[in-house]
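Enquirer: Before I ask anything, here is the structure I am working with.
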Amino acid sequence: MTGLEQLQTLSDADKAVEMADYHKAKREYLGVSNPQIDVLVKEWRGHMDVAGRVALADMLWQSDIFEARIAAAKLLVQARIKPDDQPAWDLIKSWVPEFDTWAIADQACSAGARRLVANPSRLDDVALWVESGHMWSRRAALVMTLPWAKLNYLSEKQTSERERILGWAAEYVADKEWFIQKSIGWWIRDLSKHDPSRASLFLASHGEAMQPFAAKIAGKYLT
């Protein structure tokens, strides 16, 4: 069976209706749970090389079935992909303009974050999303770069990269979209656990202009 057919054999019609009601986005839902998807992904990883995983991820994503897109992203969540991870990054990039729900976007951003850490020069690609008219692309620029909020001992280069991302967050402060505001809050909240002084400086400069709920998230761990 193909990967998609394996997912389809696990379908649960009642759960599918519940998931469609919850996620709202108009696409097919199978009613397959995350643990069930994880079992399949582990199986696929066990007998596929990188090219095979990228090809399967592409096929699953193109089906536009909710669980298939989740599985596609899970297939590419890997810190080190050798010999070459550029095809994986290129595929993840191609997904970003199609993000339309947080669950799929966050899973794909988890995969993308690994590829950014593996090659930070790809932040130049992410920078193009900051001015996008597509809200989910703008959000992805912060969600996918969360690893930079969690660094404790930064090199000069990493400091520059972090400041670049904080510049994007500062640009977003004027954007009143709920998901954008929440992404700012997440980024600064995570930063506050590792560099509270820098997080405090961001809030001192931009906190009043943020939506109150986002500022509250950002300052959760700051005294």
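Chain lettering (A, B, ...) mirrors the order of the structure tokens, residue numbering begins at 1 for each chain separately, and ligand numbering begins at 1 in order of display.
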Show which residues sit within 8 Å of stretch 69-76 of chain A, as an MDAnalysis selection string. Count only C-alpha atoms, and ignore same-chain residues fewer than 5 positions away.

Expert: chainID A and resid 37:38 41 45 53:54 56:58 60:64 88 92 103:104 107:108 110:111

Enquirer: Store the residues picked out above, limited to N, CA and C atoms, as a PDB file, in the first residue's frame.

Expert:
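Below is the file that was written, selection.pdb:
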ATOM      1  N   ILE A  37      -0.388   8.310  13.497  1.00  0.00           N
ATOM      2  CA  ILE A  37       0.470   8.872  12.447  1.00  0.00           C
ATOM      3  C   ILE A  37       1.932   8.652  12.796  1.00  0.00           C
ATOM      4  N   ASP A  38       2.278   8.840  14.061  1.00  0.00           N
ATOM      5  CA  ASP A  38       3.671   8.664  14.491  1.00  0.00           C
ATOM      6  C   ASP A  38       4.166   7.244  14.221  1.00  0.00           C
ATOM      7  N   VAL A  41       4.878   7.000  10.500  1.00  0.00           N
ATOM      8  CA  VAL A  41       6.062   7.774  10.132  1.00  0.00           C
ATOM      9  C   VAL A  41       7.337   7.043  10.551  1.00  0.00           C
ATOM     10  N   ARG A  45      10.240   5.893   7.956  1.00  0.00           N
ATOM     11  CA  ARG A  45      11.636   6.309   8.146  1.00  0.00           C
ATOM     12  C   ARG A  45      12.575   5.105   8.140  1.00  0.00           C
ATOM     13  N   ARG A  53      11.923   9.777   1.451  1.00  0.00           N
ATOM     14  CA  ARG A  53      11.094  10.494   2.430  1.00  0.00           C
ATOM     15  C   ARG A  53      10.582  11.811   1.852  1.00  0.00           C
ATOM     16  N   VAL A  54      11.452  12.510   1.135  1.00  0.00           N
ATOM     17  CA  VAL A  54      11.032  13.770   0.523  1.00  0.00           C
ATOM     18  C   VAL A  54       9.949  13.519  -0.518  1.00  0.00           C
ATOM     19  N   LEU A  56       7.826  10.971  -0.634  1.00  0.00           N
ATOM     20  CA  LEU A  56       6.590  10.578   0.044  1.00  0.00           C
ATOM     21  C   LEU A  56       5.933  11.789   0.697  1.00  0.00           C
ATOM     22  N   ALA A  57       6.733  12.641   1.326  1.00  0.00           N
ATOM     23  CA  ALA A  57       6.185  13.843   1.956  1.00  0.00           C
ATOM     24  C   ALA A  57       5.483  14.721   0.923  1.00  0.00           C
ATOM     25  N   ASP A  58       6.083  14.851  -0.236  1.00  0.00           N
ATOM     26  CA  ASP A  58       5.481  15.650  -1.309  1.00  0.00           C
ATOM     27  C   ASP A  58       4.143  15.054  -1.737  1.00  0.00           C
ATOM     28  N   LEU A  60       2.138  13.030  -0.021  1.00  0.00           N
ATOM     29  CA  LEU A  60       1.156  13.155   1.055  1.00  0.00           C
ATOM     30  C   LEU A  60       0.605  14.574   1.125  1.00  0.00           C
ATOM     31  N   TRP A  61       1.491  15.562   1.026  1.00  0.00           N
ATOM     32  CA  TRP A  61       1.051  16.953   1.107  1.00  0.00           C
ATOM     33  C   TRP A  61       0.086  17.281  -0.028  1.00  0.00           C
ATOM     34  N   GLN A  62       0.406  16.833  -1.219  1.00  0.00           N
ATOM     35  CA  GLN A  62      -0.416  17.177  -2.383  1.00  0.00           C
ATOM     36  C   GLN A  62      -1.824  16.596  -2.297  1.00  0.00           C
ATOM     37  N   SER A  63      -2.019  15.580  -1.472  1.00  0.00           N
ATOM     38  CA  SER A  63      -3.363  15.013  -1.317  1.00  0.00           C
ATOM     39  C   SER A  63      -4.317  16.005  -0.665  1.00  0.00           C
ATOM     40  N   ASP A  64      -3.777  16.964   0.083  1.00  0.00           N
ATOM     41  CA  ASP A  64      -4.545  17.964   0.828  1.00  0.00           C
ATOM     42  C   ASP A  64      -5.463  17.337   1.878  1.00  0.00           C
ATOM     43  N   ALA A  88      14.745  18.818   0.999  1.00  0.00           N
ATOM     44  CA  ALA A  88      13.769  18.878   2.093  1.00  0.00           C
ATOM     45  C   ALA A  88      13.389  20.317   2.386  1.00  0.00           C
ATOM     46  N   ILE A  92       9.676  22.108   2.044  1.00  0.00           N
ATOM     47  CA  ILE A  92       9.021  22.810   3.160  1.00  0.00           C
ATOM     48  C   ILE A  92       8.677  24.243   2.755  1.00  0.00           C
ATOM     49  N   ALA A 103      -2.492  23.842  13.064  1.00  0.00           N
ATOM     50  CA  ALA A 103      -1.956  22.502  13.326  1.00  0.00           C
ATOM     51  C   ALA A 103      -0.986  22.066  12.231  1.00  0.00           C
ATOM     52  N   ILE A 104      -1.388  22.255  10.984  1.00  0.00           N
ATOM     53  CA  ILE A 104      -0.513  21.906   9.867  1.00  0.00           C
ATOM     54  C   ILE A 104       0.684  22.847   9.826  1.00  0.00           C
ATOM     55  N   GLN A 107       3.284  22.020  12.580  1.00  0.00           N
ATOM     56  CA  GLN A 107       4.047  20.796  12.326  1.00  0.00           C
ATOM     57  C   GLN A 107       5.075  21.018  11.224  1.00  0.00           C
ATOM     58  N   ALA A 108       4.685  21.725  10.174  1.00  0.00           N
ATOM     59  CA  ALA A 108       5.622  22.018   9.098  1.00  0.00           C
ATOM     60  C   ALA A 108       6.723  22.962   9.574  1.00  0.00           C
ATOM     61  N   SER A 110       7.932  23.042  12.533  1.00  0.00           N
ATOM     62  CA  SER A 110       8.847  22.223  13.325  1.00  0.00           C
ATOM     63  C   SER A 110       9.890  21.569  12.426  1.00  0.00           C
ATOM     64  N   ALA A 111       9.447  21.079  11.270  1.00  0.00           N
ATOM     65  CA  ALA A 111      10.391  20.510  10.303  1.00  0.00           C
ATOM     66  C   ALA A 111      11.303  21.594   9.736  1.00  0.00           C
TER      67      ALA A 111
END

Enquirer: Pick out the residues sitting within 8 Å of A:Arg27, and hand them over as a PDB file with C-alpha atoms, in the first residue's frame; count only C-alpha atoms, and ignore anything fewer than 4 positions along from it in its own chain.

Expert:
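The resulting around22.pdb:
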ATOM      1  CA  ALA A  20     -13.325  18.997  10.745  1.00  0.00           C
ATOM      2  CA  ASP A  64      -4.545  17.964   0.828  1.00  0.00           C
ATOM      3  CA  ILE A  65      -5.876  15.510   3.420  1.00  0.00           C
ATOM      4  CA  PHE A  66      -5.350  16.837   6.941  1.00  0.00           C
TER       5      PHE A  66
END

Enquirer: Counting only C-alpha atoms, which residue out of A:Ala113, A:Leu91, A:Val143, A:Val126 sits closest to A:Met59?

Expert: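 The closest residue to A:Met59 is A:Leu91.
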
Enquirer: Report the distance between atom CA of A:His23 and atom CA of A:Asp100 in Å, rounded to one decimal place.

Expert: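 One can read the atom CA of A:His23 to atom CA of A:Asp100 distance as 9.8 Å.
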
Enquirer: Rounded to one decimal, what separation in Å do you get between atom CA of A:Ala118 and atom CA of A:Gln78?

Expert: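 Between atom CA of A:Ala118 and atom CA of A:Gln78 the gap works out to 10.0 Å.
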
Enquirer: Can you tell me, as a ChimeraX atom specification, what residues are no more than 10 Å from A:Glu98 when counting only C-alpha atoms, ignoring any on the same chain fewer than 4 positions away?

Expert: /A:64,93-94,104-105,134,136-137

Enquirer: Counting only C-alpha atoms, which residue out of A:Tyr172, A:Tyr153, A:Trp44, A:Trp187 sits closest to A:Met210?

Expert: A:Tyr172

Enquirer: As a PyMOL selection string, please: every residue in chain A that DSSP puts in alpha helix (DSSP H).

Expert: chain A and resi 3-8+13-23+34-46+50-62+66-75+86-95+102-118+123-127+135-143+156-172+178-192+196-206+212-218
